[in-house]
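K.L.:
Have a peek at model-v7.csv (CSV, C-alpha atoms).
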chain,number,residue,atom,x,y,z
A,17,MET,CA,15.5,14.4,-13.6
A,18,PRO,CA,18.3,11.9,-12.8
A,19,ALA,CA,19.2,9.5,-15.7
A,20,SER,CA,18.2,5.9,-15.5
A,21,PRO,CA,21.0,3.6,-14.4
A,22,ALA,CA,23.0,1.8,-17.1
A,23,PRO,CA,21.9,-1.8,-17.8
A,24,ALA,CA,23.9,-4.6,-16.2
A,25,THR,CA,26.5,-6.2,-18.5
A,26,ASP,CA,28.6,-8.4,-16.3
A,27,ALA,CA,28.3,-11.9,-17.8
A,28,GLY,CA,28.9,-13.4,-14.4
A,29,GLU,CA,25.9,-11.8,-12.9
A,30,ARG,CA,23.1,-12.8,-15.2
A,31,ARG,CA,21.0,-14.7,-12.7
A,32,LEU,CA,19.2,-13.9,-9.5
A,33,VAL,CA,18.0,-16.5,-7.1
A,34,ALA,CA,14.5,-16.7,-5.8
A,35,VAL,CA,14.0,-18.9,-2.7
A,36,TYR,CA,10.5,-20.5,-2.4
A,37,HIS,CA,8.9,-22.6,0.3
A,38,VAL,CA,6.7,-25.2,-1.3
A,39,ARG,CA,4.1,-27.5,0.4
A,40,VAL,CA,4.0,-30.8,-1.4
A,41,GLU,CA,4.6,-34.5,-0.8
A,42,ALA,CA,8.2,-35.7,-1.2
A,43,ALA,CA,7.4,-37.8,-4.2
A,44,ALA,CA,6.1,-34.8,-6.1
A,45,ILE,CA,8.7,-32.1,-5.2
A,46,GLU,CA,10.9,-32.5,-8.3
A,47,ALA,CA,8.0,-32.1,-10.7
A,48,ARG,CA,6.6,-29.2,-8.6
A,49,ALA,CA,10.0,-27.4,-8.8
A,50,LYS,CA,10.2,-27.9,-12.5
A,51,ALA,CA,6.7,-26.4,-12.9
A,52,LEU,CA,7.6,-23.5,-10.7
A,53,VAL,CA,10.7,-22.8,-12.9
A,54,LEU,CA,8.5,-22.5,-16.0
A,55,GLU,CA,5.8,-20.5,-14.3
A,56,GLN,CA,8.2,-17.8,-13.2
A,57,SER,CA,10.2,-17.5,-16.4
A,58,VAL,CA,8.6,-18.4,-19.7
A,59,GLU,CA,5.1,-19.6,-18.6
A,60,MET,CA,4.9,-22.3,-21.3
A,61,PRO,CA,6.0,-25.9,-22.0
A,62,LEU,CA,9.7,-26.2,-22.9
A,63,GLU,CA,8.9,-28.2,-26.0
A,64,ALA,CA,7.0,-25.2,-27.4
A,65,ILE,CA,10.2,-23.1,-27.4
A,66,THR,CA,12.2,-23.3,-30.6
A,67,GLU,CA,14.9,-20.6,-30.0
A,68,GLN,CA,18.0,-21.9,-28.4
A,69,ARG,CA,19.0,-18.6,-26.9
A,70,ILE,CA,15.7,-18.5,-24.9
A,71,LEU,CA,16.3,-22.0,-23.7
A,72,ALA,CA,19.8,-21.3,-22.6
A,73,GLU,CA,19.5,-17.7,-21.2
A,74,ILE,CA,15.9,-17.0,-20.3
A,75,VAL,CA,14.4,-20.2,-19.0
A,76,ALA,CA,14.9,-20.4,-15.2
A,77,ARG,CA,16.5,-23.4,-13.6
A,78,VAL,CA,16.3,-25.2,-10.3
A,79,GLU,CA,19.5,-24.6,-8.2
A,80,GLY,CA,18.6,-26.7,-5.2
A,81,ILE,CA,15.9,-28.5,-3.3
A,82,ARG,CA,16.1,-28.9,0.5
A,83,GLU,CA,13.5,-30.5,2.8
A,84,LEU,CA,12.5,-28.2,5.6
A,85,ALA,CA,9.9,-30.4,7.3
A,86,ARG,CA,7.7,-33.2,6.2
A,87,GLY,CA,5.7,-32.0,3.2
A,88,ARG,CA,7.6,-28.6,3.1
A,89,PHE,CA,10.6,-27.9,0.9
A,90,GLU,CA,12.9,-25.0,0.0
A,91,VAL,CA,13.3,-24.6,-3.7
A,92,ARG,CA,16.0,-22.3,-5.0
A,93,VAL,CA,15.3,-21.0,-8.5
A,94,ALA,CA,17.8,-19.1,-10.7
A,95,LEU,CA,16.0,-16.5,-12.8
A,96,ALA,CA,17.5,-14.5,-15.7
A,97,ALA,CA,18.3,-11.0,-14.4
A,98,SER,CA,17.5,-9.6,-17.8
A,99,THR,CA,13.8,-10.5,-17.4
A,100,THR,CA,13.4,-7.9,-14.6
A,101,GLY,CA,14.4,-5.0,-16.9
A,102,GLY,CA,16.0,-3.5,-13.8
A,103,GLU,CA,12.6,-2.2,-12.8
A,104,PRO,CA,10.9,-2.7,-9.4
A,105,GLY,CA,7.5,-3.8,-10.6
A,106,GLN,CA,8.9,-6.3,-13.1
A,107,LEU,CA,11.3,-7.6,-10.4
A,108,MET,CA,8.3,-8.3,-8.2
A,109,ASN,CA,6.5,-9.9,-11.2
A,110,MET,CA,9.4,-12.2,-12.0
A,111,LEU,CA,9.9,-13.2,-8.4
A,112,PHE,CA,6.3,-14.0,-7.6
A,113,GLY,CA,3.8,-12.9,-10.2
A,114,ASN,CA,1.9,-16.0,-11.3
A,115,SER,CA,3.1,-18.2,-8.4
A,116,SER,CA,1.6,-15.9,-5.9
A,117,ILE,CA,-1.8,-17.2,-7.1
A,118,GLN,CA,-0.8,-20.8,-6.3
A,119,GLU,CA,-1.6,-21.6,-2.6
A,120,ASP,CA,1.3,-24.1,-2.0
A,121,VAL,CA,4.1,-21.6,-2.7
A,122,THR,CA,5.7,-18.9,-0.5
A,123,LEU,CA,8.4,-16.5,-1.7
A,124,ALA,CA,10.8,-16.6,1.2
A,125,ASP,CA,13.9,-14.7,0.1
A,126,VAL,CA,15.9,-13.4,-2.9
A,127,GLU,CA,19.6,-13.2,-3.7
A,128,LEU,CA,20.4,-10.4,-6.2
A,129,PRO,CA,23.6,-10.0,-8.2
A,130,VAL,CA,25.4,-6.7,-7.3
A,131,SER,CA,25.0,-5.3,-10.8
A,132,LEU,CA,21.2,-5.8,-10.7
A,133,ALA,CA,20.9,-4.4,-7.1
A,134,ALA,CA,22.8,-1.3,-8.3
A,135,ARG,CA,19.9,-0.4,-10.6
A,136,PHE,CA,17.6,0.2,-7.5
A,137,PRO,CA,18.1,3.3,-5.3
A,138,GLY,CA,18.1,1.9,-1.8
A,139,PRO,CA,17.6,4.3,1.1
A,140,ASN,CA,18.6,7.9,0.6
A,141,SER,CA,19.3,8.5,4.3
A,142,GLY,CA,19.1,5.2,6.1
A,143,VAL,CA,19.7,4.8,9.9
A,144,LEU,CA,22.5,7.4,10.1
A,145,GLY,CA,20.7,10.0,8.1
A,146,LEU,CA,17.5,9.7,10.1
A,147,ARG,CA,19.5,9.9,13.3
A,148,ALA,CA,21.0,13.1,12.1
A,149,LEU,CA,17.6,14.6,11.2
A,150,ALA,CA,16.3,13.8,14.7
A,151,ARG,CA,19.6,14.5,16.5
A,152,ALA,CA,19.0,11.1,18.1
A,153,GLU,CA,22.5,9.8,18.6
A,154,GLY,CA,22.8,6.7,20.7
A,155,ARG,CA,19.1,6.0,21.3
A,156,ALA,CA,16.0,4.7,19.5
A,157,MET,CA,13.9,7.2,17.6
A,158,THR,CA,10.3,8.0,18.5
A,159,CYS,CA,7.2,8.5,16.3
A,160,SER,CA,3.4,8.9,16.4
A,161,ALA,CA,0.6,9.2,13.9
A,162,LEU,CA,-2.1,11.8,13.3
A,163,LYS,CA,-5.5,10.1,13.7
A,164,PRO,CA,-8.4,9.6,13.3
A,165,GLN,CA,-9.4,9.7,9.6
A,166,GLY,CA,-11.9,12.4,9.0
A,167,LEU,CA,-10.3,15.3,11.0
A,168,MET,CA,-10.1,18.7,9.3
A,169,PRO,CA,-6.6,20.2,8.7
A,170,SER,CA,-6.9,22.6,11.6
A,171,ALA,CA,-7.7,19.7,14.0
A,172,LEU,CA,-4.9,17.6,12.6
A,173,ALA,CA,-2.5,20.6,13.0
A,174,GLU,CA,-3.6,21.1,16.6
A,175,LEU,CA,-2.9,17.5,17.3
A,176,ALA,CA,0.5,17.6,15.6
A,177,GLY,CA,1.5,20.6,17.6
A,178,ARG,CA,0.6,18.9,20.9
A,179,LEU,CA,2.5,15.7,19.9
A,180,ALA,CA,5.5,17.9,19.0
A,181,LEU,CA,5.4,19.6,22.3
A,182,GLY,CA,5.9,16.2,23.8
A,183,GLY,CA,9.3,16.0,22.1
A,184,LEU,CA,8.8,13.3,19.5
A,185,ASP,CA,11.3,12.9,16.7
A,186,PHE,CA,8.8,12.2,13.9
A,187,ILE,CA,5.0,12.8,13.6
A,188,LYS,CA,3.5,11.1,10.5
A,189,ASP,CA,0.1,11.3,8.9
A,190,ASP,CA,-2.1,8.2,9.2
A,191,HIS,CA,-1.6,6.3,6.0
A,192,GLY,CA,-5.3,6.8,5.3
A,193,LEU,CA,-4.9,10.5,5.0
A,194,ALA,CA,-4.7,11.4,1.3
A,195,ASP,CA,-6.3,14.3,-0.6
A,196,GLN,CA,-9.9,14.0,0.7
A,197,ALA,CA,-12.4,16.8,0.6
A,198,TYR,CA,-12.4,17.2,4.4
A,199,SER,CA,-8.6,17.2,4.5
A,200,PRO,CA,-7.0,18.4,1.2
A,201,PHE,CA,-3.3,17.6,1.0
A,202,ALA,CA,-2.0,21.2,0.6
A,203,ALA,CA,-4.2,22.5,3.4
A,204,ARG,CA,-3.3,19.7,5.8
A,205,VAL,CA,0.4,19.7,5.1
A,206,GLY,CA,0.8,23.4,5.3
A,207,ALA,CA,-1.1,23.6,8.6
A,208,CYS,CA,0.7,20.6,10.2
A,209,ALA,CA,4.1,21.7,9.1
A,210,ASP,CA,3.6,25.1,10.6
A,211,ALA,CA,2.2,23.7,13.8
A,212,VAL,CA,5.1,21.2,14.2
A,213,ALA,CA,7.7,24.0,13.4
A,214,ALA,CA,6.1,26.3,16.0
A,215,ALA,CA,6.2,23.6,18.7
A,216,SER,CA,9.8,22.7,17.8
A,217,ARG,CA,10.9,26.3,18.4
A,218,LYS,CA,9.4,26.1,21.9
A,219,THR,CA,11.0,22.7,22.7
A,220,GLY,CA,14.3,23.2,20.9
A,221,ARG,CA,13.9,19.7,19.5
A,222,PRO,CA,13.9,19.1,15.7
A,223,THR,CA,10.6,17.3,15.4
A,224,ARG,CA,9.8,16.3,11.8
A,225,TYR,CA,6.4,16.1,10.3
A,226,VAL,CA,6.0,13.3,7.8
A,227,PRO,CA,3.0,13.7,5.4
A,228,SER,CA,1.4,10.8,3.6
A,229,LEU,CA,1.5,10.9,-0.3
A,230,SER,CA,-1.1,9.3,-2.6
A,231,GLY,CA,-2.3,9.2,-6.2
A,232,ASN,CA,-0.7,8.7,-9.6
A,233,LEU,CA,2.9,9.6,-10.4
A,234,ASP,CA,1.9,13.1,-11.5
A,235,ALA,CA,0.0,13.7,-8.2
A,236,LEU,CA,2.9,12.3,-6.2
A,237,ARG,CA,5.4,14.6,-7.8
A,238,ARG,CA,3.2,17.6,-7.2
A,239,GLN,CA,2.8,16.6,-3.5
A,240,VAL,CA,6.6,16.1,-3.1
A,241,ALA,CA,7.2,19.5,-4.6
A,242,PHE,CA,4.6,21.1,-2.2
A,243,ALA,CA,6.0,19.2,0.8
A,244,ARG,CA,9.6,20.3,0.0
A,245,GLU,CA,8.5,24.0,-0.3
A,246,ALA,CA,6.9,23.6,3.1
A,247,GLY,CA,10.2,22.5,4.6
A,248,ILE,CA,9.4,18.8,4.8
A,249,GLU,CA,12.4,16.4,4.9
A,250,MET,CA,10.6,13.0,5.1
A,251,VAL,CA,7.4,11.6,3.5
A,252,LEU,CA,5.3,8.5,3.9
A,253,LEU,CA,4.1,6.2,1.1
A,254,ALA,CA,2.6,2.7,1.0
A,255,PRO,CA,4.6,1.1,-1.9
A,256,MET,CA,2.1,-1.6,-2.5
A,257,ILE,CA,-0.7,1.0,-2.9
A,258,THR,CA,1.2,3.6,-5.0
A,259,GLY,CA,3.2,0.9,-6.8
A,260,VAL,CA,6.8,-0.1,-6.1
A,261,ALA,CA,8.0,1.4,-9.4
A,262,GLN,CA,6.5,4.8,-8.6
A,263,PHE,CA,8.0,4.6,-5.1
A,264,ALA,CA,11.5,3.9,-6.4
A,265,THR,CA,11.1,6.7,-9.0
A,266,LEU,CA,10.3,9.3,-6.3
A,267,VAL,CA,13.3,8.1,-4.2
A,268,ARG,CA,15.7,8.4,-7.1
A,269,GLU,CA,14.3,11.8,-8.2
A,270,ASN,CA,14.6,13.2,-4.6
A,271,PRO,CA,18.0,12.1,-3.2
A,272,THR,CA,17.9,14.6,-0.3
A,273,LEU,CA,14.4,13.5,0.8
A,274,ALA,CA,13.8,10.6,3.3
A,275,PHE,CA,11.1,8.0,2.7
A,276,MET,CA,9.0,6.0,5.2
A,277,ALA,CA,7.3,2.9,3.8
A,278,HIS,CA,3.9,1.8,5.2
A,279,PRO,CA,2.9,-1.9,5.0
A,280,ALA,CA,-0.7,-1.3,3.7
A,281,LEU,CA,-1.6,-4.1,1.2
A,282,ALA,CA,1.7,-5.8,2.0
A,283,GLY,CA,0.1,-8.6,4.0
A,284,ALA,CA,0.2,-11.3,1.4
A,285,SER,CA,0.5,-14.4,3.6
A,286,ARG,CA,2.8,-16.2,1.0
A,287,LEU,CA,5.3,-13.4,0.6
A,288,ALA,CA,7.6,-13.5,3.6
A,289,PRO,CA,7.5,-10.2,5.6
A,290,PRO,CA,11.3,-10.1,6.2
A,291,LEU,CA,11.8,-10.2,2.4
A,292,LEU,CA,9.1,-7.7,1.4
A,293,LEU,CA,9.1,-5.2,4.2
A,294,GLY,CA,12.8,-5.7,5.2
A,295,LYS,CA,14.7,-6.3,2.0
A,296,LEU,CA,12.6,-5.3,-1.0
A,297,PHE,CA,11.2,-2.0,0.4
A,298,ARG,CA,14.7,-1.2,1.4
A,299,LEU,CA,16.0,-2.0,-2.1
A,300,PHE,CA,13.4,0.3,-3.6
A,301,GLY,CA,14.3,3.2,-1.3
A,302,ALA,CA,12.7,3.0,2.1
A,303,ASP,CA,14.7,4.8,4.8
A,304,ALA,CA,12.3,3.5,7.4
A,305,THR,CA,9.9,0.5,7.2
A,306,ILE,CA,6.8,0.2,9.3
A,307,PHE,CA,5.6,-3.3,10.3
A,308,PRO,CA,3.3,-4.8,12.9
A,309,ASN,CA,5.1,-5.6,16.1
A,310,HIS,CA,4.5,-9.0,17.7
A,311,GLY,CA,1.9,-9.0,20.5
A,312,GLY,CA,-0.1,-6.2,18.9
A,313,ARG,CA,-3.3,-6.2,16.9
A,314,PHE,CA,-1.7,-8.1,14.0
A,315,GLY,CA,-0.4,-11.7,13.8
A,316,TYR,CA,3.4,-11.4,13.2
A,317,SER,CA,5.4,-13.6,15.5
A,318,ARG,CA,8.4,-12.5,17.6
A,319,GLU,CA,10.6,-14.5,15.2
A,320,THR,CA,9.2,-12.8,12.1
A,321,CYS,CA,9.7,-9.4,13.6
A,322,GLY,CA,13.3,-10.1,14.6
A,323,ALA,CA,14.0,-11.4,11.1
A,324,LEU,CA,12.4,-8.4,9.5
A,325,ALA,CA,14.4,-5.9,11.6
A,326,GLU,CA,17.6,-7.8,10.8
A,327,ALA,CA,16.7,-7.8,7.0
A,328,ALA,CA,16.2,-4.0,7.2
A,329,ARG,CA,19.5,-3.2,9.0
A,330,ALA,CA,22.0,-5.9,8.1
A,331,PRO,CA,24.7,-5.2,5.5
A,332,TRP,CA,23.3,-6.1,2.1
A,333,LEU,CA,24.3,-5.2,-1.5
A,334,ALA,CA,25.9,-1.9,-0.5
A,335,LYS,CA,22.5,-0.4,0.4
A,336,ARG,CA,22.2,1.8,3.4
A,337,PRO,CA,20.5,0.1,6.4
A,338,ALA,CA,16.9,1.0,6.8
A,339,VAL,CA,15.2,1.8,10.2
A,340,PRO,CA,12.7,-0.8,11.4
A,341,VAL,CA,9.6,0.8,12.8
A,342,PRO,CA,7.6,-1.6,14.9
A,343,ALA,CA,4.0,-0.5,15.3
A,344,GLY,CA,0.4,-1.7,15.5
A,345,GLY,CA,-1.4,-1.3,18.8
A,346,MET,CA,1.8,-0.6,20.8
A,347,THR,CA,1.6,1.2,24.2
A,348,PRO,CA,4.2,3.1,26.2
A,349,GLU,CA,4.2,0.3,28.8
A,350,ARG,CA,5.9,-2.0,26.2
A,351,VAL,CA,8.7,0.5,25.4
A,352,PRO,CA,11.4,-1.2,27.6
A,353,GLU,CA,10.5,-4.6,26.2
A,354,MET,CA,10.6,-3.3,22.6
A,355,LEU,CA,14.0,-1.6,23.1
A,356,GLU,CA,15.5,-4.7,24.6
A,357,PHE,CA,14.3,-6.7,21.6
A,358,TYR,CA,15.1,-4.3,18.8
A,359,GLY,CA,18.0,-2.3,20.3
A,360,ARG,CA,18.7,1.3,19.6
A,361,ASP,CA,18.6,1.2,15.8
A,362,CYS,CA,14.9,1.4,15.5
A,363,MET,CA,12.0,3.9,15.6
A,364,LEU,CA,9.1,3.2,18.0
A,365,LEU,CA,5.8,4.2,16.6
A,366,ILE,CA,2.9,4.6,19.1
A,367,GLY,CA,-0.3,6.1,17.8
A,368,GLY,CA,-3.5,5.3,19.6
A,369,GLY,CA,-1.6,4.4,22.7
A,370,LEU,CA,-0.7,8.0,23.1
A,371,LEU,CA,-3.7,9.6,21.5
A,372,SER,CA,-6.0,7.9,24.0
A,373,ALA,CA,-4.5,10.2,26.7
A,374,ARG,CA,-6.6,13.0,25.1
A,375,GLU,CA,-6.2,16.1,27.3
A,376,ARG,CA,-3.0,14.7,28.7
A,377,LEU,CA,-1.5,14.1,25.3
A,378,VAL,CA,1.5,16.4,25.8
A,379,GLU,CA,2.4,14.8,29.1
A,380,ALA,CA,1.9,11.3,27.9
A,381,THR,CA,4.1,12.0,24.8
A,382,ALA,CA,6.8,13.6,27.0
A,383,ALA,CA,6.8,10.5,29.2
A,384,PHE,CA,7.2,8.3,26.2
A,385,THR,CA,10.2,10.2,24.8
A,386,ALA,CA,11.7,10.5,28.3
A,387,LEU,CA,11.4,6.7,28.7
A,388,VAL,CA,13.3,6.1,25.5
A,389,GLU,CA,16.0,8.5,26.5
A,390,ARG,CA,16.4,7.0,29.9
A,391,HIS,CA,16.8,3.5,28.4
A,392,ALA,CA,19.7,4.8,26.2
A,393,ARG,CA,21.6,5.9,29.3
A,394,HIS,CA,21.6,2.5,30.9
Would you kindly transcribe this structure into structure tokens?

P.N.:
Amino acid sequence: MPASPAPATDAGERRLVAVYHVRVEAAAIEARAKALVLEQSVEMPLEAITEQRILAEIVARVEGIRELARGRFEVRVALAASTTGGEPGQLMNMLFGNSSIQEDVTLADVELPVSLAARFPGPNSGVLGLRALARAEGRAMTCSALKPQGLMPSALAELAGRLALGGLDFIKDDHGLADQAYSPFAARVGACADAVAAASRKTGRPTRYVPSLSGNLDALRRQVAFAREAGIEMVLLAPMITGVAQFATLVRENPTLAFMAHPALAGASRLAPPLLLGKLFRLFGADATIFPNHGGRFGYSRETCGALAEAARAPWLAKRPAVPVPAGGMTPERVPEMLEFYGRDCMLLIGGGLLSARERLVEATAAFTALVERHARH
């Protein structure tokens, strides 16, 4: 097992900055910012602290207050990097643990010192690695999902094989597939991996099956080992379900495996999606991050989706760029519009919009992949 990274020692990098958006009247913003500082660092009155070292090094401080609109302010708070322990769950706790319960506060962004960021794995493969897996140079990547919940392994494998015959780059489990009695993990993964491999031999395209992992860390490790023995090169997890610490641990322990992050339970309205799904999931090791595209069955705006994709791909703290994966009620008819909006460094995930073709699934999938390839030539 890889050793844990060494603790940060650079005296010039002892603070990270959390950026909050706070709803409050102008007359109360300074007091509200001071309360936020205490809540996210020592969680007690300053006068109760007697040790000077804690007052000087641990207590957070307000770095700036800026009015965004009437009754809405940006508050920049410098937190002691040492309080995170260099661990993903504790980083989330120090950024937004208690304050997430307060309805007037949104965690909008974070600025990390390089030495702290180095303690988190970041993507193993990133955009370039996933392109190499899919042999998808110069175009967007394609993906679909195995649904519905409740199908037996043989039925899921049959579905996976038909999707692979349509030429997709990636075929992922629905995130609700776990280790249920009707679809045990080992039986499902073995059957689906075999079906996708057989279809790939026919098409000559390297379609990759992406199984969903679930359970505690022991179970996750067993599932990773089984998946790797089955020839799997990418897996799916929901970091907010399995825990961000377990997610990052698996990424670090499996440097040649790619990880796709699912946004289940990541819909906290006061934790900005570009930060959580774009930056933090990437920091913890997501090679690809799924999110609800604007105009689908979820409420993300066009602006939020654009900012999220930018957060996933932009240069940041020496971490590889992650692939944005817009999804959520998308149809093949929207492919040209989505490619114009996201460009080629993305993965388009269409599930039900393909599966509804039923007996014409192979043809509908082939039309989807062909449309993406045609767009890349123009």

K.L.:
Please report the interatomic distance between CA of Val260 (chain A) and CA of Leu146 (chain A) in Å with one decimal.

P.N.:
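Between these atoms lies a distance of 21.7 Å.
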
K.L.:
Please write as an NGL selection string the list of polymer residues whose atoms come within 7 Å of (12.9, 17.8, 3.0), counting all atoms listed in the file and keeping to the coordinates of the file.

P.N.:
:A and (244 or 247-250 or 272-273)

K.L.:
Counting all atoms listed in the file, what is within 7 Å of Arg224 (chain A), bar same-chain residues fewer than 4 positions away, as a PDB file with C-alpha atoms, keeping the file's coordinate frame?

P.N.:
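Here's the written file around_39.pdb:
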ATOM      1  CA  ASP A 185      11.300  12.900  16.700  1.00  0.00           C
ATOM      2  CA  PHE A 186       8.800  12.200  13.900  1.00  0.00           C
ATOM      3  CA  ILE A 187       5.000  12.800  13.600  1.00  0.00           C
TER       4      ILE A 187
END

K.L.:
Identify which of the residues A:Ser216, A:Gln56, A:Ser230, A:Thr258 lies closest to Ser116 (chain A), counting only C-alpha atoms when measuring atom-to-atom distances.

P.N.:
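Checking each of A:Ser216, A:Gln56, A:Ser230, A:Thr258 against Ser116 (chain A), counting only C-alpha atoms, the winner is A:Gln56.
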
K.L.:
If you measure from CA of Ala202 (chain A) to CA of Leu172 (chain A), what distance in Å do you get, rounded to one decimal?

P.N.:
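Calculated distance between CA of Ala202 (chain A) and CA of Leu172 (chain A) is 12.9 Å.
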
K.L.:
Mind giving me the straight-line distance from CA of Gly138 (chain A) to CA of Phe112 (chain A) in Å, one decimal?

P.N.:
20.6 Å

K.L.:
Go through A:Leu364, A:Ala302, A:Val130, A:Ala156 and flag the residue nearest Ala392 (chain A), using only C-alpha atoms for the distances.

P.N.:
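For Ala392 (chain A), the nearest of the given residues is A:Ala156.
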
K.L.:
Can you pull out every residue within 10 Å of region 207-210 of chain A, counting only C-alpha atoms, but drop anything in the same chain fewer than 3 positions away, and send it as a list in words?

P.N.:
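In the requested format, the answer is Leu162, Pro169, Ser170, Ala171, Leu172, Ala173, Glu174, Leu175, Ala176, Gly177, Ile187, Lys188, Asp189, Phe201, Ala202, Ala203, Arg204, Ala213, Ala214, Ala215, Ser216, Arg224, Tyr225, Val226, Pro227, Ala243, Ala246, Gly247 and Ile248 of chain A.
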
K.L.:
Could you pull the residues within 10 Å of region 309-321 of chain A, counting only C-alpha atoms, minus those fewer than 3 positions along the same chain, as number ranges by chain?

P.N.:
A: 288-290, 294, 306, 324-327, 340-347, 350, 354, 357-358, 364-365

K.L.:
May I have the residues from that selection written out with C-alpha atoms, as a compact mmCIF listing (two decimals), keeping the file's coordinate frame?

P.N.:
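Wrote it out as result-v9.txt, contents follow:
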# COMPACT_ATOMS: atom_id res chain seq x y z
CA ALA A 288 7.60 -13.50 3.60
CA PRO A 289 7.50 -10.20 5.60
CA PRO A 290 11.30 -10.10 6.20
CA GLY A 294 12.80 -5.70 5.20
CA ILE A 306 6.80 0.20 9.30
CA LEU A 324 12.40 -8.40 9.50
CA ALA A 325 14.40 -5.90 11.60
CA GLU A 326 17.60 -7.80 10.80
CA ALA A 327 16.70 -7.80 7.00
CA PRO A 340 12.70 -0.80 11.40
CA VAL A 341 9.60 0.80 12.80
CA PRO A 342 7.60 -1.60 14.90
CA ALA A 343 4.00 -0.50 15.30
CA GLY A 344 0.40 -1.70 15.50
CA GLY A 345 -1.40 -1.30 18.80
CA MET A 346 1.80 -0.60 20.80
CA THR A 347 1.60 1.20 24.20
CA ARG A 350 5.90 -2.00 26.20
CA MET A 354 10.60 -3.30 22.60
CA PHE A 357 14.30 -6.70 21.60
CA TYR A 358 15.10 -4.30 18.80
CA LEU A 364 9.10 3.20 18.00
CA LEU A 365 5.80 4.20 16.60

K.L.:
Calculated over only C-alpha atoms, which of the candidates A:Cys362, A:Val38, A:Ala323, A:Val75 has the smallest distance to Glu153 (chain A)?

P.N.:
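Among the listed residues, the smallest separation from Glu153 (chain A) belongs to A:Cys362.
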
K.L.:
Which residues, written as an mmCIF file with C-alpha atoms, keeping the file's coordinate frame, have at least one atom at most 9 Å from Thr385 (chain A), with only C-alpha atoms counted and residues fewer than 5 positions away on the same chain left out?

P.N.:
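For reference, part_1.cif as written:
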data_model
loop_
_atom_site.group_PDB
_atom_site.id
_atom_site.type_symbol
_atom_site.label_atom_id
_atom_site.label_comp_id
_atom_site.auth_asym_id
_atom_site.auth_seq_id
_atom_site.Cartn_x
_atom_site.Cartn_y
_atom_site.Cartn_z
ATOM 1 C CA MET A 157 13.900 7.200 17.600
ATOM 2 C CA THR A 158 10.300 8.000 18.500
ATOM 3 C CA GLY A 182 5.900 16.200 23.800
ATOM 4 C CA GLY A 183 9.300 16.000 22.100
ATOM 5 C CA LEU A 184 8.800 13.300 19.500
ATOM 6 C CA ASP A 185 11.300 12.900 16.700
ATOM 7 C CA ALA A 380 1.900 11.300 27.900
ATOM 8 C CA ARG A 390 16.400 7.000 29.900
#

K.L.:
For Gly80 (chain A), please output as an NGL selection string all residues within 8 Å (counting all atoms listed in the file; exclusion window: fewer than 4 positions along the same chain).

P.N.:
:A and (90-93)

K.L.:
For the selection you just gave me, I'd like the residues written to a file as a short mmCIF file (atom, residue, chain, number, x, y, z; two decimals), in the coordinates of the input, keeping C-alpha atoms.

P.N.:
data_model
loop_
_atom_site.label_atom_id
_atom_site.label_comp_id
_atom_site.auth_asym_id
_atom_site.auth_seq_id
_atom_site.Cartn_x
_atom_site.Cartn_y
_atom_site.Cartn_z
CA GLU A 90 12.90 -25.00 0.00
CA VAL A 91 13.30 -24.60 -3.70
CA ARG A 92 16.00 -22.30 -5.00
CA VAL A 93 15.30 -21.00 -8.50
#

K.L.:
Which residue, A:Leu236, A:Thr100, A:Leu111, A:Pro255, has the smallest gap to Asn270 (chain A) when you use all atoms listed in the file?

P.N.:
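Answer, going by the shortest atom-to-atom distance: A:Leu236.
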
K.L.:
Rank nothing, just name the residue among A:Ala328, A:Val205, A:Ala194, A:Ala42 nearest to Ala85 (chain A), using all atoms listed in the file.

P.N.:
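Nearest to Ala85 (chain A): A:Ala42.
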